[in-house]
Every structure is written in structure tokens, then in C-alpha cells.
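Trainee: Structure in C-alpha cells, see below.
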Amino acid sequence: MITIQNVIYTIGEHRILQDMNFTVQEGHFVGIIGPNGCGKSTMLKLLYRYFQLQQGTIVLHEQDLMQVPQKIFAKQVAVVSQDSPVLFDFSVKEMVYMGRTPHKKWLESDTASDEEIVLTCMQRTNIAHLAERSFGQLSGGEKKRVLLARALAQQAQILILDEPTNHLDIEHQFQLMDLVADLPITIIAALHDLNLAASYCDELIVMQKGEIYAMGRSEDVLTQQMLMDVFHIQADISRNPFTNKPHLLFYSNAQIKTP
Amino acid sequence: MKIKKLMILYTMLTICLLIVMTVAIMVGSVGLTPLTVWQILLDKIGVDLGQKVGNAQQIIIWEIRMPRVLLAAIVGAALAISGAAIQAIVRNSIADPYILGVSSGASVGATLVILVGAFSFLGMYALSISAFIFALLSIVIVFGLARVQGRTSVIRLLLAGIAVSLVFSAITNFLLMMSKQQNAIQAVMHWMLGSLAGAKWMNIWIPALALVVVFIILLINYRQLNALLMGEEAATTLGIHLEKFRLFIIVAVSLLVGVVVAISGSIGFVGLIIPHIVRMFVGSNYKNVLPFSALAGAIFLVVADIVARIVIAPQEMPIGIITALCGSPFFIWMLRKQKYSFGEGES
């Protein structure tokens, strides 16, 4: 369980997060949605400790997040962040092996069990056939899957994803979400595609200008009022007949054809 | 990279290093055969072959040429692994071991000793000790400047390194300009361009020890170095304490470079190009980059020293001129290759 309490974050004069309070239950898939600049990424960066917490507390498994040593933290929380350019050339397998870094002691070499974990993670993310390819030469979608495999290889109980479906075609978007949703671990993801968020997440947190506008089950959160207030977009909300999840049909007034 | 292929490459490079070292011992005003060289070497390490070689030859090989060749190998290996490590730490493929002002700092120290006679109470070690102290001084200043509000940013570190280097170079140049002693000026120039002529059994054990220690430190941290190349954010999420780790590695590497520069002057280029050449063959995984850089750096500098000794014999060419003259064309040729991306990611 992760509890975020009274988290405020400012950069210079600008207050990025006003007062964040929420709890993520173990095993849940929580989606954070909100327009650009609403503070989603900042919240995630605080969660995975790339940013220093300024005010408030984040408690992970009854332990103050800031007190956990970096290496132990990396065994508990794995991250697929937005595009991080990878310098120099590594093979796909080498990349996935890096996920084992926090588990390794100083003089320990890679063991058979590491190899097995790496292979399993590559198979799960459907990149086993790319093992010896150079990471730099892969397509955007393949790279994303490699980074996910690396995060999985950390064998953490919490996985944080920052816009994981960016740059992916529709097939790979669903493939990735299927895979992630299937994991028996806690997942916190910032998502842009509201329909994807609606169909996969157990819970949604809607952020606006550094604050939580609403949170709860997607059925309760995704309302026409919320979409108007937060995203300034009109939408028709129905049920997806195949998944029985909310389905949003967006339109802007300018497009409406009057007969 | 398959293990078998790597082992073949290791063996090839090790044999290559032994060959060039043998050749380096053979070459000189007194010509020697490889047989004599190995007879004496084996004799010295306790293998009795029954045959005795002349005393003069023994002295030339064991007391004069051997320490020098070993120093060449040590310095080459040290600069190459330092360059590789620094490139990972600052995530920049044009970084070299002197990026933190080590060489310009050391130059001031050396110049003070040669021109002004500073530290004369230290006798024959004055030059090395003074160079080392000033190398350390520059690292401390650079770190002090790069640290703002308790955080050391890489870009500040690089820029502070450049700024401090410029100041130290200016001091060296000022001292040179004010000096009237032609010989001393020549000596300073020679020192700054690098020379291995000062090698003795007595003084090569310090760089040798520093090399071994730092090499081990880097190698047991190869996973962390790899992770750093993934970017700061990714490195953090892989469990690396960026601040602590960077500081630790930079201090270790700078000490090694300081020791090396103090004894051999600032030999350029090795620390920059060798890691790149190595990556072309074995990829970017530091588990392989480090040992191969050490081997390749050693071979490169032993060869460069041979050239330095013979091109204008009986005089010696400063080795820094050789490394740059031989290294640059090769580097330029590499720049034109499509296969290697020089750390741009996309190739």
C-alpha cells in the first residue's frame, strides 16, 4: 500500500502540485489522467524518487519513502519512464539484464536464475526474438517493450508507468495494456488515452492544475461534467459492449454538422 | 557478443601486448634479440635457464628498458580505463580523463618545480609530488565550483573543469613567458607533451598499484556504469545513488590520473579514443569495455613509446605528439564509419 499525504511541490515560483492526498491499494491498477501540465509526471517522479519530496509524506509499506535506501527501493519499485534517450549501444538482452542491477551484490556475477528471469521477461513482452539486436536500432514500440522488460526484471511489487502507450500503434497499445493489467502487482500509470484508462484501470485519479479533481472507479469518475471541467471537451459516454467499461466518444462543437 | 568470441579477442590482445612489449625492450641504441630479452626476463623472475647473458645487456634490459615499457603499459591502461569511466559518469562521448583539469593542474605543479625550483627539498621526487598535489588541487576546486546547494550537476562539473583548466594553463603560460631559461622552458614543454623516460623500478609501483585498485573498483561497479548510460532517471530507478556513486568514481579515477600524470606528463588522446575503439568491437557493456580498454590502451602506448624513441633517434620525441599524430587519423577514419554511433544512441 502506498499512501500519499499532503504532498506539495514547487519549482521556483510555480506550484506544480497543490496538495496531493491519495492511497493506492496493493495489487490495484491505478491510472492517473489529466491534461498536459497538470502534474501527472511530477507526481510520478516524486513517487519513484527522481524528484526530492519537498513537503508532505509518501509512505510505502508503512515505511517513509525517503528513508528507504536507493537499492532497496529499486527492488520494490520499477519504472518505465517517458522516452529516456539511451546513449551508446547495448543489445536488447543487455538492456533487460540491467533490470537485475539492484539485486546484485558487489562481486556477484550473473547467475542461472538471472538468465531465467531475463528470458521470461523478454518472452512476456514479446521481444525474445530481438535479444541480440542493438537497442538503438529498434522501433519506438519495440524500445518501449524492452524498457518494460527491464522493469519487469527488477521483480518489483510496484510498477510505475509514465505514458506507456506513447508512440505505440493501436495493436501494441492493447498488447502492452493487456500485459500490464495481467501482472499481479501494484501498477500506477499516467495515461493520456481515456478510453484505455477506462477499460484497464481499477481506479482513476483525475488531476487538474496540480490537484485531484476526482478519484474512484472509472464509471464514477468519467462524467460529462468532469470532461468539460478538466479537459474542456464534450463527450458522449456509453458502454463498450465488449468490455462493459465506459466508452467515451469525443466531439467539439465546431465539428457538429447541422442539417 | 558471444563469450567464445570475447575469449579469442582477449587472447589475441594479450599475445599482442606481450609481443609489442618484447619489441619495445629490443628497440634502442643497443640492439637485442627477443631471445636475449626473454632469457633475462625469465632469469629475473626465477626461471633458471642455465645460460648466462652479459651483464651490460642485463642492466639495459632489466634496469632501463623494462621499467619504461612497463610504465608505458600502465599509463596506457590507466588512461584508457579512466577515459571509459569518465565517459560513463558524465554521459558524454567527448569526455577524457583530463576533463576535470587534472592535466593543467599538474602542469602548473611541474612548471613550478622546473622553472622556479619549488619543493626542492623533496629531491628527485619534487616534480612528481608537485604535479600530483596540483592535480588534486584542480579536482578539489572543480568539485567545489560544481557543487551548488548540495548537488553536483554534470554540466557544471564539465564547465568548471574547462574553466579551471584555462586558469591553470594561463598560469603555466605566464610562468613560461616570464622565464629566461631556455633549457628549463624546453624541459617544461617536454614534460607537458608527455614522456616515459623517468621510469625506474622505484617509481613505477605507485601507478601500478593505483591502476590495479581503480581497475578493480571500476570493474566491480560495471553494472552501475552501464546503468548510468541509461540516463540519470533510469539509473536512479535501477537503484543507483547518483550523487554518491558519481563522486566515488570521479575521485577514484582522478586520483589514478593524477598519479599517472605526475610520473609521465599529460599524454593526450589515449583516454579519449581507446574506449571508443574498444566499443566498436565489444559493444558498450562496461564488463567488457573496461578490460579491453586496459589491454588496448597498454598496447597503444607501448607502441607509441617505441615510435617516440626511434623517429628522431638518438633524441626522443615527446610521446604526446606521437599519440595525437597516430591516433587522430585513425579517429577521423572511425568518425566516418556508419556502424558506430559514438554514443548518440541511434546508429
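Ligands are numbered from 1 in the order shown, residues from 1 within each chain, and chains are lettered A, B, ... in the order they appear in the C-alpha cells.
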What residues in chain A have any atom no more than 10 Å from chain B when counting only C-alpha atoms, and can you write them as a PyMOL selection string?
Mentor: chain A and resi 45+48-51+69-82+84-91+94-95+97-109+132+134-138+147+150-151+154
Trainee: Can you tell me, as a list in words, what residues are no more than 10 Å from Leu249 of chain A when counting only C-alpha atoms, ignoring any on the same chain fewer than 2 positions away?
Mentor: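 That gives Asn195, Gln234, Ala235, Asp236, Ile237, Ser238, Pro246, His247 and Tyr251 of chain A.
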Trainee: Extract, using only C-alpha atoms, all DNA, RNA and protein residues at most 12 Å from Asp202 of chain A, discarding same-chain residues fewer than 5 positions from it, and format them as a VMD selection string.
Mentor: chain A and resid 24 to 32 181 186 to 189 196 to 197 215 to 221 245
Trainee: Run DSSP on the backbone of this structure and report the residues of segment 59-138 of chain A it assigns to alpha helix (DSSP H), as JSON, numbers by chain.
Mentor: {"A": [70, 71, 72, 73, 74, 75, 76, 92, 93, 94, 95, 96, 97, 112, 113, 114, 115, 116, 117, 118, 119, 120, 121, 122, 123, 124]}
Trainee: Counting only C-alpha atoms, what is within 9 Å of segment 75-86 of chain B, bar same-chain residues fewer than 6 positions away, as a compact mmCIF listing (two decimals) with all heavy atoms, in the first residue's frame?
Mentor:
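File written: result_1.txt
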```
# COMPACT_ATOMS: atom_id res chain seq x y z
N ASN B 92 29.02 11.46 -21.74
CA ASN B 92 29.41 12.30 -22.85
C ASN B 92 30.58 11.64 -23.56
O ASN B 92 31.58 11.32 -22.94
CB ASN B 92 29.83 13.67 -22.31
CG ASN B 92 29.88 14.70 -23.41
OD1 ASN B 92 30.31 14.40 -24.52
ND2 ASN B 92 29.44 15.90 -23.10
N SER B 93 30.42 11.44 -24.85
CA SER B 93 31.45 10.67 -25.55
C SER B 93 32.69 11.49 -25.87
O SER B 93 33.67 10.95 -26.34
CB SER B 93 30.89 10.03 -26.81
OG SER B 93 29.99 10.90 -27.42
N ALA B 95 34.23 13.24 -23.54
CA ALA B 95 34.95 13.43 -22.28
C ALA B 95 36.25 12.62 -22.28
O ALA B 95 36.32 11.55 -22.87
CB ALA B 95 34.07 12.99 -21.11
N ASP B 96 37.27 13.15 -21.65
CA ASP B 96 38.50 12.38 -21.46
C ASP B 96 38.95 12.51 -20.00
O ASP B 96 38.34 13.25 -19.24
CB ASP B 96 39.58 12.81 -22.48
CG ASP B 96 40.23 14.14 -22.12
OD1 ASP B 96 39.85 14.74 -21.10
OD2 ASP B 96 41.12 14.55 -22.87
N PRO B 97 39.98 11.76 -19.60
CA PRO B 97 40.32 11.75 -18.17
C PRO B 97 40.77 13.12 -17.65
O PRO B 97 40.84 13.32 -16.45
CB PRO B 97 41.48 10.75 -18.08
CG PRO B 97 41.52 10.04 -19.37
CD PRO B 97 40.82 10.85 -20.38
N TYR B 98 41.11 14.04 -18.55
CA TYR B 98 41.63 15.33 -18.10
C TYR B 98 40.52 16.37 -17.97
O TYR B 98 40.78 17.54 -17.73
CB TYR B 98 42.68 15.84 -19.09
CG TYR B 98 43.82 14.89 -19.29
CD1 TYR B 98 44.34 14.65 -20.55
CD2 TYR B 98 44.39 14.22 -18.19
CE1 TYR B 98 45.39 13.76 -20.73
CE2 TYR B 98 45.44 13.34 -18.37
CZ TYR B 98 45.94 13.12 -19.64
OH TYR B 98 46.97 12.26 -19.81
N ILE B 99 39.28 15.91 -18.15
CA ILE B 99 38.15 16.83 -18.19
C ILE B 99 38.00 17.65 -16.91
O ILE B 99 37.48 18.75 -16.93
CB ILE B 99 36.86 16.03 -18.49
CG1 ILE B 99 35.79 16.93 -19.08
CG2 ILE B 99 36.31 15.32 -17.27
CD1 ILE B 99 35.70 16.83 -20.56
N PRO B 207 52.03 4.02 -9.61
CA PRO B 207 50.97 3.95 -10.63
C PRO B 207 50.46 2.53 -10.85
O PRO B 207 49.26 2.35 -11.11
CB PRO B 207 51.64 4.49 -11.90
CG PRO B 207 53.08 4.61 -11.61
CD PRO B 207 53.25 4.67 -10.14
N ALA B 208 51.32 1.54 -10.72
CA ALA B 208 50.88 0.16 -10.92
C ALA B 208 49.81 -0.21 -9.89
O ALA B 208 48.75 -0.75 -10.22
CB ALA B 208 52.07 -0.79 -10.82
N ALA B 210 47.96 1.89 -8.10
CA ALA B 210 46.76 2.72 -8.33
C ALA B 210 45.93 2.14 -9.46
O ALA B 210 44.70 2.05 -9.37
CB ALA B 210 47.17 4.16 -8.65
N LEU B 211 46.62 1.69 -10.52
CA LEU B 211 45.90 1.11 -11.66
C LEU B 211 45.11 -0.12 -11.23
O LEU B 211 43.92 -0.26 -11.54
CB LEU B 211 46.88 0.74 -12.78
CG LEU B 211 46.30 -0.09 -13.93
CD1 LEU B 211 45.26 0.72 -14.70
CD2 LEU B 211 47.39 -0.57 -14.88
N VAL B 212 45.77 -1.02 -10.50
CA VAL B 212 45.10 -2.26 -10.09
C VAL B 212 43.88 -1.95 -9.22
O VAL B 212 42.79 -2.46 -9.45
CB VAL B 212 46.09 -3.18 -9.35
CG1 VAL B 212 45.36 -4.36 -8.74
CG2 VAL B 212 47.17 -3.66 -10.31
N VAL B 214 42.08 0.88 -8.88
CA VAL B 214 40.98 1.57 -9.57
C VAL B 214 40.32 0.65 -10.60
O VAL B 214 39.10 0.65 -10.77
CB VAL B 214 41.48 2.88 -10.23
CG1 VAL B 214 40.38 3.52 -11.07
CG2 VAL B 214 41.94 3.85 -9.15
N PHE B 215 41.13 -0.16 -11.26
CA PHE B 215 40.55 -1.11 -12.23
C PHE B 215 39.56 -2.04 -11.54
O PHE B 215 38.45 -2.28 -12.04
CB PHE B 215 41.67 -1.92 -12.90
CG PHE B 215 41.17 -2.90 -13.91
CD1 PHE B 215 40.69 -2.46 -15.13
CD2 PHE B 215 41.17 -4.27 -13.65
CE1 PHE B 215 40.21 -3.36 -16.08
CE2 PHE B 215 40.70 -5.17 -14.58
CZ PHE B 215 40.22 -4.71 -15.81
N LEU B 218 36.39 -0.12 -10.60
CA LEU B 218 35.52 0.12 -11.76
C LEU B 218 34.83 -1.17 -12.19
O LEU B 218 33.64 -1.19 -12.49
CB LEU B 218 36.33 0.70 -12.92
CG LEU B 218 36.88 2.11 -12.71
CD1 LEU B 218 37.70 2.54 -13.93
CD2 LEU B 218 35.76 3.10 -12.46
N LEU B 225 27.92 1.47 -13.89
CA LEU B 225 28.39 2.31 -15.00
C LEU B 225 27.47 2.13 -16.21
O LEU B 225 27.10 3.08 -16.88
CB LEU B 225 29.83 1.96 -15.37
CG LEU B 225 30.88 2.39 -14.33
CD1 LEU B 225 32.22 1.73 -14.61
CD2 LEU B 225 31.04 3.90 -14.31
N ILE B 249 33.34 7.43 -7.98
CA ILE B 249 34.08 7.05 -9.18
C ILE B 249 34.99 8.19 -9.65
O ILE B 249 36.16 7.96 -10.00
CB ILE B 249 33.10 6.65 -10.32
CG1 ILE B 249 32.31 5.41 -9.92
CG2 ILE B 249 33.85 6.41 -11.62
CD1 ILE B 249 33.12 4.16 -9.73
N ILE B 250 34.49 9.42 -9.62
CA ILE B 250 35.31 10.53 -10.11
C ILE B 250 36.54 10.70 -9.23
O ILE B 250 37.65 10.91 -9.73
CB ILE B 250 34.49 11.84 -10.16
CG1 ILE B 250 33.48 11.75 -11.30
CG2 ILE B 250 35.40 13.05 -10.37
CD1 ILE B 250 32.63 12.96 -11.46
N VAL B 253 38.99 7.80 -10.04
CA VAL B 253 39.62 7.96 -11.35
C VAL B 253 40.59 9.14 -11.36
O VAL B 253 41.70 9.05 -11.90
CB VAL B 253 38.53 8.13 -12.44
CG1 VAL B 253 39.12 8.68 -13.72
CG2 VAL B 253 37.83 6.82 -12.69
N SER B 254 40.18 10.24 -10.72
CA SER B 254 41.04 11.42 -10.72
C SER B 254 42.35 11.14 -9.99
O SER B 254 43.41 11.62 -10.40
CB SER B 254 40.32 12.60 -10.10
OG SER B 254 39.17 12.90 -10.82
N LEU B 256 43.85 8.26 -9.79
CA LEU B 256 44.66 7.44 -10.70
C LEU B 256 45.30 8.32 -11.77
O LEU B 256 46.51 8.24 -12.03
CB LEU B 256 43.79 6.36 -11.35
CG LEU B 256 44.46 5.52 -12.44
CD1 LEU B 256 45.64 4.74 -11.88
CD2 LEU B 256 43.48 4.57 -13.10
N VAL B 257 44.49 9.18 -12.38
CA VAL B 257 45.02 10.04 -13.44
C VAL B 257 46.08 10.98 -12.87
O VAL B 257 47.12 11.21 -13.50
CB VAL B 257 43.88 10.83 -14.12
CG1 VAL B 257 44.44 11.78 -15.16
CG2 VAL B 257 42.91 9.87 -14.79
N VAL B 260 49.28 9.09 -12.53
CA VAL B 260 49.85 8.79 -13.84
C VAL B 260 50.47 10.05 -14.47
O VAL B 260 51.60 10.02 -14.97
CB VAL B 260 48.76 8.20 -14.76
CG1 VAL B 260 49.17 8.28 -16.21
CG2 VAL B 260 48.49 6.76 -14.35
N VAL B 261 49.72 11.14 -14.41
CA VAL B 261 50.21 12.39 -14.99
C VAL B 261 51.47 12.85 -14.26
O VAL B 261 52.41 13.34 -14.88
CB VAL B 261 49.12 13.48 -14.94
CG1 VAL B 261 49.70 14.85 -15.25
CG2 VAL B 261 48.01 13.16 -15.92
N SER B 264 54.31 10.77 -15.81
CA SER B 264 54.56 10.70 -17.26
C SER B 264 54.16 11.96 -18.02
O SER B 264 54.26 12.01 -19.24
CB SER B 264 53.79 9.51 -17.83
OG SER B 264 52.41 9.72 -17.69
N ILE B 267 49.74 12.86 -21.26
CA ILE B 267 49.71 12.24 -22.58
C ILE B 267 48.26 12.25 -23.05
O ILE B 267 47.39 11.67 -22.41
CB ILE B 267 50.24 10.80 -22.50
CG1 ILE B 267 51.70 10.82 -22.05
CG2 ILE B 267 50.09 10.11 -23.86
CD1 ILE B 267 52.26 9.47 -21.69
N GLY B 268 48.03 12.93 -24.13
CA GLY B 268 46.66 13.11 -24.58
C GLY B 268 46.17 11.97 -25.45
O GLY B 268 46.94 11.07 -25.82
N PHE B 269 44.88 11.99 -25.72
CA PHE B 269 44.27 11.17 -26.75
C PHE B 269 43.96 9.74 -26.39
O PHE B 269 42.96 9.20 -26.81
CB PHE B 269 45.16 11.19 -28.00
CG PHE B 269 44.37 11.55 -29.22
CD1 PHE B 269 43.87 12.82 -29.36
CD2 PHE B 269 44.08 10.61 -30.19
CE1 PHE B 269 43.09 13.15 -30.44
CE2 PHE B 269 43.31 10.94 -31.27
CZ PHE B 269 42.82 12.21 -31.41
N VAL B 270 44.83 9.12 -25.57
CA VAL B 270 44.61 7.70 -25.24
C VAL B 270 43.26 7.52 -24.54
O VAL B 270 42.45 6.68 -24.91
CB VAL B 270 45.73 7.18 -24.31
CG1 VAL B 270 45.56 5.70 -24.07
CG2 VAL B 270 47.07 7.49 -24.90
N GLY B 271 43.02 8.38 -23.54
CA GLY B 271 41.80 8.25 -22.75
C GLY B 271 40.55 8.56 -23.53
O GLY B 271 39.46 8.12 -23.18
N LEU B 272 40.69 9.31 -24.60
CA LEU B 272 39.53 9.64 -25.42
C LEU B 272 39.23 8.56 -26.45
O LEU B 272 38.10 8.08 -26.55
CB LEU B 272 39.74 10.98 -26.12
CG LEU B 272 38.68 11.40 -27.13
CD1 LEU B 272 37.36 11.66 -26.46
CD2 LEU B 272 39.12 12.63 -27.90
N ILE B 273 40.25 8.16 -27.21
CA ILE B 273 39.93 7.28 -28.36
C ILE B 273 39.88 5.80 -28.03
O ILE B 273 39.09 5.08 -28.61
CB ILE B 273 40.87 7.49 -29.57
CG1 ILE B 273 42.30 7.17 -29.21
CG2 ILE B 273 40.73 8.86 -30.15
CD1 ILE B 273 43.14 6.96 -30.46
N ILE B 274 40.72 5.36 -27.10
CA ILE B 274 40.76 3.91 -26.86
C ILE B 274 39.38 3.36 -26.47
O ILE B 274 38.92 2.36 -27.04
CB ILE B 274 41.84 3.54 -25.81
CG1 ILE B 274 43.23 3.88 -26.33
CG2 ILE B 274 41.76 2.07 -25.43
CD1 ILE B 274 43.71 3.04 -27.50
N PRO B 275 38.65 4.02 -25.54
CA PRO B 275 37.33 3.47 -25.20
C PRO B 275 36.39 3.39 -26.41
O PRO B 275 35.62 2.43 -26.53
CB PRO B 275 36.79 4.45 -24.16
CG PRO B 275 37.98 5.11 -23.58
CD PRO B 275 38.99 5.18 -24.67
N HIS B 276 36.49 4.38 -27.29
CA HIS B 276 35.63 4.34 -28.47
C HIS B 276 35.99 3.19 -29.40
O HIS B 276 35.13 2.49 -29.92
CB HIS B 276 35.73 5.66 -29.25
CG HIS B 276 34.97 6.77 -28.59
ND1 HIS B 276 33.61 6.70 -28.38
CD2 HIS B 276 35.37 7.95 -28.09
CE1 HIS B 276 33.23 7.82 -27.76
NE2 HIS B 276 34.27 8.59 -27.57
N TYR B 286 30.13 -2.31 -19.96
CA TYR B 286 31.39 -2.00 -19.28
C TYR B 286 32.11 -3.22 -18.73
O TYR B 286 33.29 -3.16 -18.43
CB TYR B 286 31.17 -0.93 -18.20
CG TYR B 286 31.39 0.44 -18.79
CD1 TYR B 286 30.56 0.91 -19.79
CD2 TYR B 286 32.46 1.25 -18.41
CE1 TYR B 286 30.77 2.12 -20.39
CE2 TYR B 286 32.67 2.47 -19.01
CZ TYR B 286 31.82 2.91 -19.99
OH TYR B 286 32.06 4.12 -20.59
N VAL B 289 34.06 -3.44 -21.81
CA VAL B 289 34.76 -2.21 -22.19
C VAL B 289 35.98 -1.98 -21.31
O VAL B 289 37.06 -1.64 -21.79
CB VAL B 289 33.81 -0.99 -22.10
CG1 VAL B 289 34.58 0.31 -22.21
CG2 VAL B 289 32.74 -1.06 -23.20
N LEU B 290 35.85 -2.21 -20.00
CA LEU B 290 36.97 -1.91 -19.09
C LEU B 290 38.21 -2.77 -19.33
O LEU B 290 39.28 -2.24 -19.58
CB LEU B 290 36.49 -2.00 -17.64
CG LEU B 290 35.55 -0.87 -17.21
CD1 LEU B 290 34.87 -1.20 -15.90
CD2 LEU B 290 36.28 0.46 -17.11
N PRO B 291 38.08 -4.11 -19.28
CA PRO B 291 39.30 -4.89 -19.51
C PRO B 291 39.90 -4.71 -20.91
O PRO B 291 41.12 -4.63 -21.06
CB PRO B 291 38.86 -6.34 -19.30
CG PRO B 291 37.39 -6.33 -19.19
CD PRO B 291 36.96 -4.95 -18.87
N PHE B 292 39.03 -4.58 -21.91
CA PHE B 292 39.57 -4.40 -23.26
C PHE B 292 40.23 -3.03 -23.41
O PHE B 292 41.22 -2.89 -24.11
CB PHE B 292 38.48 -4.60 -24.32
CG PHE B 292 38.25 -6.04 -24.64
CD1 PHE B 292 37.10 -6.68 -24.24
CD2 PHE B 292 39.20 -6.76 -25.34
CE1 PHE B 292 36.89 -8.02 -24.51
CE2 PHE B 292 39.01 -8.10 -25.63
CZ PHE B 292 37.85 -8.73 -25.21
N SER B 293 39.66 -2.02 -22.76
CA SER B 293 40.30 -0.70 -22.81
C SER B 293 41.68 -0.76 -22.19
O SER B 293 42.63 -0.18 -22.71
CB SER B 293 39.45 0.34 -22.07
OG SER B 293 38.26 0.59 -22.75
N ALA B 294 41.77 -1.46 -21.06
CA ALA B 294 43.07 -1.57 -20.39
C ALA B 294 44.11 -2.20 -21.31
O ALA B 294 45.20 -1.67 -21.50
CB ALA B 294 42.93 -2.38 -19.10
N LEU B 295 43.72 -3.31 -21.94
CA LEU B 295 44.65 -4.00 -22.85
C LEU B 295 45.01 -3.13 -24.04
O LEU B 295 46.18 -2.95 -24.38
CB LEU B 295 44.02 -5.31 -23.34
CG LEU B 295 44.19 -6.53 -22.45
CD1 LEU B 295 43.36 -7.69 -22.98
CD2 LEU B 295 45.66 -6.94 -22.37
N ALA B 296 43.98 -2.57 -24.68
CA ALA B 296 44.21 -1.79 -25.90
C ALA B 296 45.02 -0.54 -25.57
O ALA B 296 45.93 -0.16 -26.32
CB ALA B 296 42.88 -1.40 -26.54
N GLY B 297 44.71 0.10 -24.43
CA GLY B 297 45.45 1.30 -24.03
C GLY B 297 46.92 0.97 -23.81
O GLY B 297 47.81 1.72 -24.22
N ALA B 298 47.18 -0.16 -23.15
CA ALA B 298 48.55 -0.56 -22.88
C ALA B 298 49.31 -0.80 -24.19
O ALA B 298 50.42 -0.29 -24.39
CB ALA B 298 48.56 -1.82 -22.01
N ILE B 299 48.67 -1.55 -25.11
CA ILE B 299 49.33 -1.84 -26.39
C ILE B 299 49.63 -0.53 -27.13
O ILE B 299 50.75 -0.30 -27.60
CB ILE B 299 48.43 -2.74 -27.26
CG1 ILE B 299 48.30 -4.12 -26.62
CG2 ILE B 299 48.98 -2.85 -28.68
CD1 ILE B 299 47.27 -5.01 -27.27
N PHE B 300 48.60 0.33 -27.19
CA PHE B 300 48.75 1.58 -27.93
C PHE B 300 49.92 2.41 -27.41
O PHE B 300 50.74 2.91 -28.17
CB PHE B 300 47.45 2.38 -27.84
CG PHE B 300 47.47 3.69 -28.57
CD1 PHE B 300 47.56 3.72 -29.96
CD2 PHE B 300 47.40 4.89 -27.88
CE1 PHE B 300 47.57 4.92 -30.64
CE2 PHE B 300 47.42 6.10 -28.56
CZ PHE B 300 47.50 6.12 -29.94
N LEU B 301 50.03 2.51 -26.07
CA LEU B 301 51.07 3.39 -25.54
C LEU B 301 52.46 2.76 -25.62
O LEU B 301 53.44 3.47 -25.82
CB LEU B 301 50.75 3.80 -24.10
CG LEU B 301 51.22 5.24 -23.85
CD1 LEU B 301 50.46 6.19 -24.73
CD2 LEU B 301 51.08 5.63 -22.40
N VAL B 302 52.53 1.43 -25.52
CA VAL B 302 53.84 0.79 -25.69
C VAL B 302 54.34 1.03 -27.11
O VAL B 302 55.50 1.39 -27.33
CB VAL B 302 53.74 -0.73 -25.39
CG1 VAL B 302 55.04 -1.43 -25.78
CG2 VAL B 302 53.45 -0.96 -23.91
```
